[in-house]
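Visitor: Below is a structure I'd like to ask you about.
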Amino acid sequence: MHSVSSISDSNLFPYLRVQGEIDLSGQIEISGAKNSALVLMAASLLTEEPIHLSNVPKLTDIDVMAKLLSSIGANVNQISNELDIKTNGLSLSQNSLPYELVNALRASFVCIGPLLARFGEVKIPLPGGCRIGARPINEHIRGLRALGATVTFEGENVLAKTTNLRNKLIGTKIRLTCKSVGATETILMASILAEGKTTIENAAREPEIQDLANMLTKMGAKIKGAGTSTIIIEGVDHLKGCIHKVIPDRIEAGTFLIASAITRCPITIFPVIPKHLEAVLIKLQECGCLIKQTENTIKIIPGKTIYAVDITTMPFPGFPTDLQAPFMSLLSTAKGTSKIEETIFEKRMQHVGELQRMGAQIQLHDNIALIQGVNKLFATSLTGGDLRSSAAMVLAGLVAKGTSVIKGLSHLDRGYENFEKKLCNLGANIKRTEVKRPISNRKNTEKLESKMNVGSGSQVA
Ligand code: UD1
């Protein structure tokens, strides 16, 4: 899979130095939700009229999606956290989206729904297989076929076409075999301009889907039941432009709550929608944290001792898979033995090895981790293998003895806006350095790592 960093500058080798045993205090402003913003950008393809999105986080994933929309003729302009998209000049003349961009960002595959609905035909490369699991697209394809499209595979491309002279999809009833967020979004967007009524059963209920439905409704779509397992869409002929504010990022919010718990220091986060974080708040309370919430803020006051808890990742409203890795860092420091079972993605335990190298006592049996809490983690040189495990490494680094060096930042930068800056505002001591040299040069990389002088207390297995 091409990494996003390979699109920007493959000669930069950035890393963080995270000083451990640090106290945090204060308030953190939560950014707009990455996973919402990405799909809202794709939804802008459904109308010729301008879309204005506010509270859009500045992230490399957002840049890739913007490049993707621009590559087919959209006019995309981001100033600070405001994003304007105009798709009236859209041209699918080459009849395909660029391989490098779709492959770099799996979420971009959801463009298939709106483009098919608007143009009656689309060719889009298969999304990259990501490191956390196989991540198939069979449910997206099954949904589009149920709506009357023919979907074929040509080499590395998926070709979807409507089959009637009106270039329209036809409403139908679709039951998803798994509660896929992406497939729910693809089918929802495809069905908005379809003829007649579409019912999506066993739909994903994530807040990002509710945010999408809210924006589509502002654009003139007729949707009932978003946020429940059954979504009903009455097709309309035309959608108009709109202004929409992206919801706060519940995963970023959860990550900072865990940062508070792991350092045993109270902090306040805002703005948030506490209902989006219920499963996480329950587990933090079980761990011994006091939670005080208002309509849009959460204050967390961790106990001196964090207690072991068991967690099973589930689709929303269950415990989010995206917070499994950060929570494992926390439980590595808890009193007692915790069990974490990952049920959504089959390869989302790569952080286990890194935490073990910091001294965490974790036994892994397939996708079940047994974590025996330890009194101390120790700094070392770490690599985040995916977005959320990179965040988990930084959190573990905040409490470890010594200074951790964390690599794999292209993942972190995909999903957390100003992550280390926000932590530094709370009192953390994190420094980012970028070395200009190809990361692929193993010999030099090894020399560089020894020069980086991993801090005292480091334990390299
Ligand atoms: C989205 C989120 C990601 C989050 C995940 C689960 C975005 C950009 N990403 O990813 O951060 O971790 O939801 O909450 O919003 N599946 C199939 N067939 C399909 C599609 C999915 O079997 O056609 C399976 C997947 O292999 C996985 C499960 O369904 O086991 C959930 O995947 P899905 O909800 O689709 O995740 P994404 O939309 O890719």
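Following the order of the structure tokens, chains are lettered A, B, ..., residues in each are numbered from 1, and ligands are numbered from 1.
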Please extract the residues at most 7 Å from ligand 1, counting only C-alpha atoms and all ligand atoms, and provide them as a list in words, using the chain letters and residue numbers of this document.

Guide: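 Residues lying within 7 Å of ligand 1: Asn35, Ser36, Leu38, Arg106, Ala107, Gly133, Ala134, Arg135, Pro136, Ile137, Asn138, Glu139, His140, Cys178, Lys179, Ser180, Val181, Gly182, Ala183, Pro315, Pro320, Thr321, Asp322, Ile344 and Phe345 of chain A.
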
Visitor: Take the residues that were just selected and, keeping N, CA and C atoms, output them as a PDB file, in the first residue's frame.

Guide:
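Contents of the output file out_13.pdb:
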ATOM      1  N   ASN A  35     -13.354  10.969  10.249  1.00  0.00           N
ATOM      2  CA  ASN A  35     -14.144   9.989   9.498  1.00  0.00           C
ATOM      3  C   ASN A  35     -15.453  10.575   8.977  1.00  0.00           C
ATOM      4  N   SER A  36     -15.948  11.619   9.661  1.00  0.00           N
ATOM      5  CA  SER A  36     -17.117  12.322   9.147  1.00  0.00           C
ATOM      6  C   SER A  36     -16.722  13.196   7.969  1.00  0.00           C
ATOM      7  N   LEU A  38     -14.347  13.163   5.897  1.00  0.00           N
ATOM      8  CA  LEU A  38     -13.981  12.476   4.651  1.00  0.00           C
ATOM      9  C   LEU A  38     -15.225  12.082   3.852  1.00  0.00           C
ATOM     10  N   ARG A 106      -8.256   4.504   2.026  1.00  0.00           N
ATOM     11  CA  ARG A 106      -9.344   3.554   1.821  1.00  0.00           C
ATOM     12  C   ARG A 106     -10.704   4.245   1.803  1.00  0.00           C
ATOM     13  N   ALA A 107     -10.852   5.269   2.659  1.00  0.00           N
ATOM     14  CA  ALA A 107     -12.153   5.945   2.767  1.00  0.00           C
ATOM     15  C   ALA A 107     -12.580   6.569   1.442  1.00  0.00           C
ATOM     16  N   GLY A 133      -6.238  -5.356   8.641  1.00  0.00           N
ATOM     17  CA  GLY A 133      -7.049  -6.499   8.241  1.00  0.00           C
ATOM     18  C   GLY A 133      -7.313  -6.466   6.751  1.00  0.00           C
ATOM     19  N   ALA A 134      -8.056  -7.453   6.277  1.00  0.00           N
ATOM     20  CA  ALA A 134      -8.280  -7.582   4.832  1.00  0.00           C
ATOM     21  C   ALA A 134      -9.145  -6.442   4.301  1.00  0.00           C
ATOM     22  N   ARG A 135     -10.101  -5.994   5.069  1.00  0.00           N
ATOM     23  CA  ARG A 135     -11.001  -4.891   4.723  1.00  0.00           C
ATOM     24  C   ARG A 135     -11.611  -5.051   3.329  1.00  0.00           C
ATOM     25  N   PRO A 136     -12.454  -6.069   3.168  1.00  0.00           N
ATOM     26  CA  PRO A 136     -13.078  -6.303   1.865  1.00  0.00           C
ATOM     27  C   PRO A 136     -14.107  -5.233   1.512  1.00  0.00           C
ATOM     28  N   ILE A 137     -14.561  -5.246   0.242  1.00  0.00           N
ATOM     29  CA  ILE A 137     -15.577  -4.267  -0.193  1.00  0.00           C
ATOM     30  C   ILE A 137     -16.829  -4.980  -0.701  1.00  0.00           C
ATOM     31  N   ASN A 138     -16.953  -6.275  -0.368  1.00  0.00           N
ATOM     32  CA  ASN A 138     -18.061  -7.056  -0.917  1.00  0.00           C
ATOM     33  C   ASN A 138     -19.429  -6.469  -0.580  1.00  0.00           C
ATOM     34  N   GLU A 139     -19.573  -5.871   0.607  1.00  0.00           N
ATOM     35  CA  GLU A 139     -20.878  -5.328   1.006  1.00  0.00           C
ATOM     36  C   GLU A 139     -21.214  -4.059   0.218  1.00  0.00           C
ATOM     37  N   HIS A 140     -20.206  -3.268  -0.101  1.00  0.00           N
ATOM     38  CA  HIS A 140     -20.425  -2.078  -0.945  1.00  0.00           C
ATOM     39  C   HIS A 140     -20.956  -2.548  -2.311  1.00  0.00           C
ATOM     40  N   CYS A 178     -22.818  -7.582   7.465  1.00  0.00           N
ATOM     41  CA  CYS A 178     -22.097  -7.086   8.649  1.00  0.00           C
ATOM     42  C   CYS A 178     -22.327  -5.578   8.723  1.00  0.00           C
ATOM     43  N   LYS A 179     -22.277  -5.059   9.934  1.00  0.00           N
ATOM     44  CA  LYS A 179     -22.586  -3.633  10.139  1.00  0.00           C
ATOM     45  C   LYS A 179     -21.421  -2.774   9.670  1.00  0.00           C
ATOM     46  N   SER A 180     -21.177  -2.752   8.378  1.00  0.00           N
ATOM     47  CA  SER A 180     -20.040  -1.988   7.854  1.00  0.00           C
ATOM     48  C   SER A 180     -20.378  -0.498   7.771  1.00  0.00           C
ATOM     49  N   VAL A 181     -19.487   0.318   8.346  1.00  0.00           N
ATOM     50  CA  VAL A 181     -19.666   1.773   8.288  1.00  0.00           C
ATOM     51  C   VAL A 181     -19.562   2.235   6.825  1.00  0.00           C
ATOM     52  N   GLY A 182     -18.468   1.818   6.168  1.00  0.00           N
ATOM     53  CA  GLY A 182     -18.237   2.256   4.793  1.00  0.00           C
ATOM     54  C   GLY A 182     -19.340   1.803   3.853  1.00  0.00           C
ATOM     55  N   ALA A 183     -19.792   0.547   3.980  1.00  0.00           N
ATOM     56  CA  ALA A 183     -20.836   0.047   3.070  1.00  0.00           C
ATOM     57  C   ALA A 183     -22.151   0.787   3.315  1.00  0.00           C
ATOM     58  N   PRO A 315     -19.371  -2.751  16.997  1.00  0.00           N
ATOM     59  CA  PRO A 315     -19.871  -1.584  16.264  1.00  0.00           C
ATOM     60  C   PRO A 315     -20.589  -0.633  17.229  1.00  0.00           C
ATOM     61  N   PRO A 320     -15.468   1.299  20.700  1.00  0.00           N
ATOM     62  CA  PRO A 320     -14.915   1.438  19.342  1.00  0.00           C
ATOM     63  C   PRO A 320     -13.558   0.753  19.152  1.00  0.00           C
ATOM     64  N   THR A 321     -13.434   0.035  18.059  1.00  0.00           N
ATOM     65  CA  THR A 321     -12.154  -0.599  17.723  1.00  0.00           C
ATOM     66  C   THR A 321     -11.032   0.440  17.637  1.00  0.00           C
ATOM     67  N   ASP A 322     -11.385   1.680  17.233  1.00  0.00           N
ATOM     68  CA  ASP A 322     -10.357   2.707  17.067  1.00  0.00           C
ATOM     69  C   ASP A 322      -9.735   3.143  18.392  1.00  0.00           C
ATOM     70  N   ILE A 344     -13.538  -6.555  15.448  1.00  0.00           N
ATOM     71  CA  ILE A 344     -13.870  -5.885  14.172  1.00  0.00           C
ATOM     72  C   ILE A 344     -12.808  -6.160  13.100  1.00  0.00           C
ATOM     73  N   PHE A 345     -11.553  -5.965  13.463  1.00  0.00           N
ATOM     74  CA  PHE A 345     -10.471  -6.157  12.488  1.00  0.00           C
ATOM     75  C   PHE A 345      -9.544  -7.268  12.944  1.00  0.00           C
TER      76      PHE A 345
END

Visitor: So that I can check the surroundings of stretch 421-427 of chain A, please list as a ChimeraX atom specification every protein, DNA and RNA residue that reaches within 8 Å of it, counting only C-alpha atoms and ignoring chain neighbours fewer than 5 positions away.

Guide: /A:22-28

Visitor: Limited to C-alpha atoms, could you put the picked residues into a file as a PDB file, in the first residue's frame?

Guide:
ATOM      1  CA  ILE A  22       4.937  13.813  32.919  1.00  0.00           C
ATOM      2  CA  ASP A  23       1.885  15.452  34.545  1.00  0.00           C
ATOM      3  CA  LEU A  24      -0.901  16.873  32.390  1.00  0.00           C
ATOM      4  CA  SER A  25      -3.458  19.514  33.292  1.00  0.00           C
ATOM      5  CA  GLY A  26      -5.864  21.875  31.566  1.00  0.00           C
ATOM      6  CA  GLN A  27      -8.352  21.825  28.711  1.00  0.00           C
ATOM      7  CA  ILE A  28      -8.155  20.429  25.209  1.00  0.00           C
TER       8      ILE A  28
END

Visitor: Identify, with DSSP run on backbone atoms, the residues in stretch 72-309 of chain A assigned to alpha helix (DSSP H), and express the list as number ranges by chain.

Guide: A: 99-104, 112-119, 138-146, 181-191, 207-218, 250-263, 278-286

Visitor: Write the residues of the selection above to a file with C-alpha atoms, as a PDB file, in the first residue's frame.

Guide:
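The resulting file, out_20.pdb, is shown below:
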ATOM      1  CA  TYR A  99      -4.992   4.890  -8.476  1.00  0.00           C
ATOM      2  CA  GLU A 100      -2.399   6.441  -6.170  1.00  0.00           C
ATOM      3  CA  LEU A 101      -4.932   8.531  -4.260  1.00  0.00           C
ATOM      4  CA  VAL A 102      -7.647   5.879  -3.848  1.00  0.00           C
ATOM      5  CA  ASN A 103      -4.995   3.400  -2.845  1.00  0.00           C
ATOM      6  CA  ALA A 104      -3.531   5.779  -0.258  1.00  0.00           C
ATOM      7  CA  ILE A 112     -18.197   5.227  -5.825  1.00  0.00           C
ATOM      8  CA  GLY A 113     -21.728   5.767  -4.460  1.00  0.00           C
ATOM      9  CA  PRO A 114     -22.193   9.479  -5.208  1.00  0.00           C
ATOM     10  CA  LEU A 115     -20.384   9.321  -8.578  1.00  0.00           C
ATOM     11  CA  LEU A 116     -22.498   6.381  -9.732  1.00  0.00           C
ATOM     12  CA  ALA A 117     -25.678   8.119  -8.554  1.00  0.00           C
ATOM     13  CA  ARG A 118     -24.811  11.385 -10.321  1.00  0.00           C
ATOM     14  CA  PHE A 119     -23.200  10.156 -13.558  1.00  0.00           C
ATOM     15  CA  ASN A 138     -18.061  -7.056  -0.917  1.00  0.00           C
ATOM     16  CA  GLU A 139     -20.878  -5.328   1.006  1.00  0.00           C
ATOM     17  CA  HIS A 140     -20.425  -2.078  -0.945  1.00  0.00           C
ATOM     18  CA  ILE A 141     -20.588  -4.026  -4.214  1.00  0.00           C
ATOM     19  CA  ARG A 142     -23.560  -6.165  -3.164  1.00  0.00           C
ATOM     20  CA  GLY A 143     -25.452  -3.013  -2.176  1.00  0.00           C
ATOM     21  CA  LEU A 144     -24.785  -1.268  -5.513  1.00  0.00           C
ATOM     22  CA  ARG A 145     -25.821  -4.387  -7.446  1.00  0.00           C
ATOM     23  CA  ALA A 146     -29.045  -4.566  -5.398  1.00  0.00           C
ATOM     24  CA  VAL A 181     -19.666   1.773   8.288  1.00  0.00           C
ATOM     25  CA  GLY A 182     -18.237   2.256   4.793  1.00  0.00           C
ATOM     26  CA  ALA A 183     -20.836   0.047   3.070  1.00  0.00           C
ATOM     27  CA  THR A 184     -23.682   1.841   4.879  1.00  0.00           C
ATOM     28  CA  GLU A 185     -22.236   5.179   3.669  1.00  0.00           C
ATOM     29  CA  THR A 186     -21.771   3.947   0.084  1.00  0.00           C
ATOM     30  CA  ILE A 187     -25.322   2.584  -0.163  1.00  0.00           C
ATOM     31  CA  LEU A 188     -26.838   5.605   1.589  1.00  0.00           C
ATOM     32  CA  MET A 189     -25.170   8.030  -0.828  1.00  0.00           C
ATOM     33  CA  ALA A 190     -25.936   5.887  -3.883  1.00  0.00           C
ATOM     34  CA  SER A 191     -29.627   5.608  -3.023  1.00  0.00           C
ATOM     35  CA  PRO A 207     -22.338   9.010  14.691  1.00  0.00           C
ATOM     36  CA  GLU A 208     -20.493   9.695  11.422  1.00  0.00           C
ATOM     37  CA  ILE A 209     -23.400   8.111   9.541  1.00  0.00           C
ATOM     38  CA  GLN A 210     -25.839  10.328  11.424  1.00  0.00           C
ATOM     39  CA  ASP A 211     -23.674  13.339  10.506  1.00  0.00           C
ATOM     40  CA  LEU A 212     -23.748  12.278   6.841  1.00  0.00           C
ATOM     41  CA  ALA A 213     -27.531  11.861   6.920  1.00  0.00           C
ATOM     42  CA  ASN A 214     -27.912  15.297   8.552  1.00  0.00           C
ATOM     43  CA  MET A 215     -25.890  16.945   5.800  1.00  0.00           C
ATOM     44  CA  LEU A 216     -27.700  15.035   3.032  1.00  0.00           C
ATOM     45  CA  THR A 217     -31.040  16.095   4.566  1.00  0.00           C
ATOM     46  CA  LYS A 218     -29.927  19.754   4.431  1.00  0.00           C
ATOM     47  CA  ARG A 250     -15.121  11.089  19.280  1.00  0.00           C
ATOM     48  CA  ILE A 251     -11.980   9.029  18.706  1.00  0.00           C
ATOM     49  CA  GLU A 252      -9.672  11.998  19.264  1.00  0.00           C
ATOM     50  CA  ALA A 253     -11.757  12.875  22.344  1.00  0.00           C
ATOM     51  CA  GLY A 254     -11.457   9.299  23.634  1.00  0.00           C
ATOM     52  CA  THR A 255      -7.690   9.337  23.036  1.00  0.00           C
ATOM     53  CA  PHE A 256      -7.283  12.447  25.234  1.00  0.00           C
ATOM     54  CA  LEU A 257      -9.501  10.948  27.959  1.00  0.00           C
ATOM     55  CA  ILE A 258      -7.178   7.933  27.953  1.00  0.00           C
ATOM     56  CA  ALA A 259      -4.147  10.286  28.052  1.00  0.00           C
ATOM     57  CA  SER A 260      -5.627  11.719  31.241  1.00  0.00           C
ATOM     58  CA  ALA A 261      -6.271   8.294  32.754  1.00  0.00           C
ATOM     59  CA  ILE A 262      -2.815   6.919  31.901  1.00  0.00           C
ATOM     60  CA  THR A 263      -1.055   9.938  33.468  1.00  0.00           C
ATOM     61  CA  GLU A 278     -20.806   6.387  26.294  1.00  0.00           C
ATOM     62  CA  ALA A 279     -19.131   2.968  25.980  1.00  0.00           C
ATOM     63  CA  VAL A 280     -15.708   4.543  26.559  1.00  0.00           C
ATOM     64  CA  LEU A 281     -16.869   6.596  29.541  1.00  0.00           C
ATOM     65  CA  ILE A 282     -18.374   3.485  31.152  1.00  0.00           C
ATOM     66  CA  LYS A 283     -15.031   1.661  30.862  1.00  0.00           C
ATOM     67  CA  LEU A 284     -13.088   4.662  32.208  1.00  0.00           C
ATOM     68  CA  GLN A 285     -15.461   4.792  35.193  1.00  0.00           C
ATOM     69  CA  GLU A 286     -14.987   1.047  35.750  1.00  0.00           C
TER      70      GLU A 286
END

Visitor: Go through A:Leu193, A:Leu147, A:Ala33, A:Ile269 and flag the residue nearest A:Glu206, using only C-alpha atoms for the distances.

Guide: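 Ranked by minimum distance to A:Glu206, first place goes to A:Ala33.
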
Visitor: Can you tell me, as a ChimeraX atom specification, what residues are no more than 8 Å from A:Val158 when counting only C-alpha atoms, ignoring any on the same chain fewer than 5 positions away?

Guide: /A:123-126,151-153

Visitor: Can you check which parts of stretch 266-329 of chain A lie within 12 Å of stretch 358-372 of chain A? Per residue, the shortest pair of atoms and distance in Å to one decimal, counting only C-alpha atoms, sorted by chain and number, as JSON lines.

Guide:
{"residue": "A:Tyr307", "atom": "CA", "partner": "A:Gln372", "partner_atom": "CA", "distance": 10.8}
{"residue": "A:Ala308", "atom": "CA", "partner": "A:Gln372", "partner_atom": "CA", "distance": 8.3}
{"residue": "A:Val309", "atom": "CA", "partner": "A:Ile371", "partner_atom": "CA", "distance": 9.7}
{"residue": "A:Asp310", "atom": "CA", "partner": "A:Leu370", "partner_atom": "CA", "distance": 9.2}
{"residue": "A:Ile311", "atom": "CA", "partner": "A:Ile368", "partner_atom": "CA", "distance": 9.8}
{"residue": "A:Thr312", "atom": "CA", "partner": "A:Ile368", "partner_atom": "CA", "distance": 9.0}
{"residue": "A:Thr313", "atom": "CA", "partner": "A:Asn367", "partner_atom": "CA", "distance": 10.6}
{"residue": "A:Thr321", "atom": "CA", "partner": "A:Asn367", "partner_atom": "CA", "distance": 11.9}
{"residue": "A:Gln324", "atom": "CA", "partner": "A:Ala369", "partner_atom": "CA", "distance": 10.7}
{"residue": "A:Ala325", "atom": "CA", "partner": "A:Ala369", "partner_atom": "CA", "distance": 10.9}
{"residue": "A:Phe327", "atom": "CA", "partner": "A:Ile371", "partner_atom": "CA", "distance": 11.0}
{"residue": "A:Met328", "atom": "CA", "partner": "A:Ile371", "partner_atom": "CA", "distance": 7.9}
{"residue": "A:Ser329", "atom": "CA", "partner": "A:Ala360", "partner_atom": "CA", "distance": 8.5}
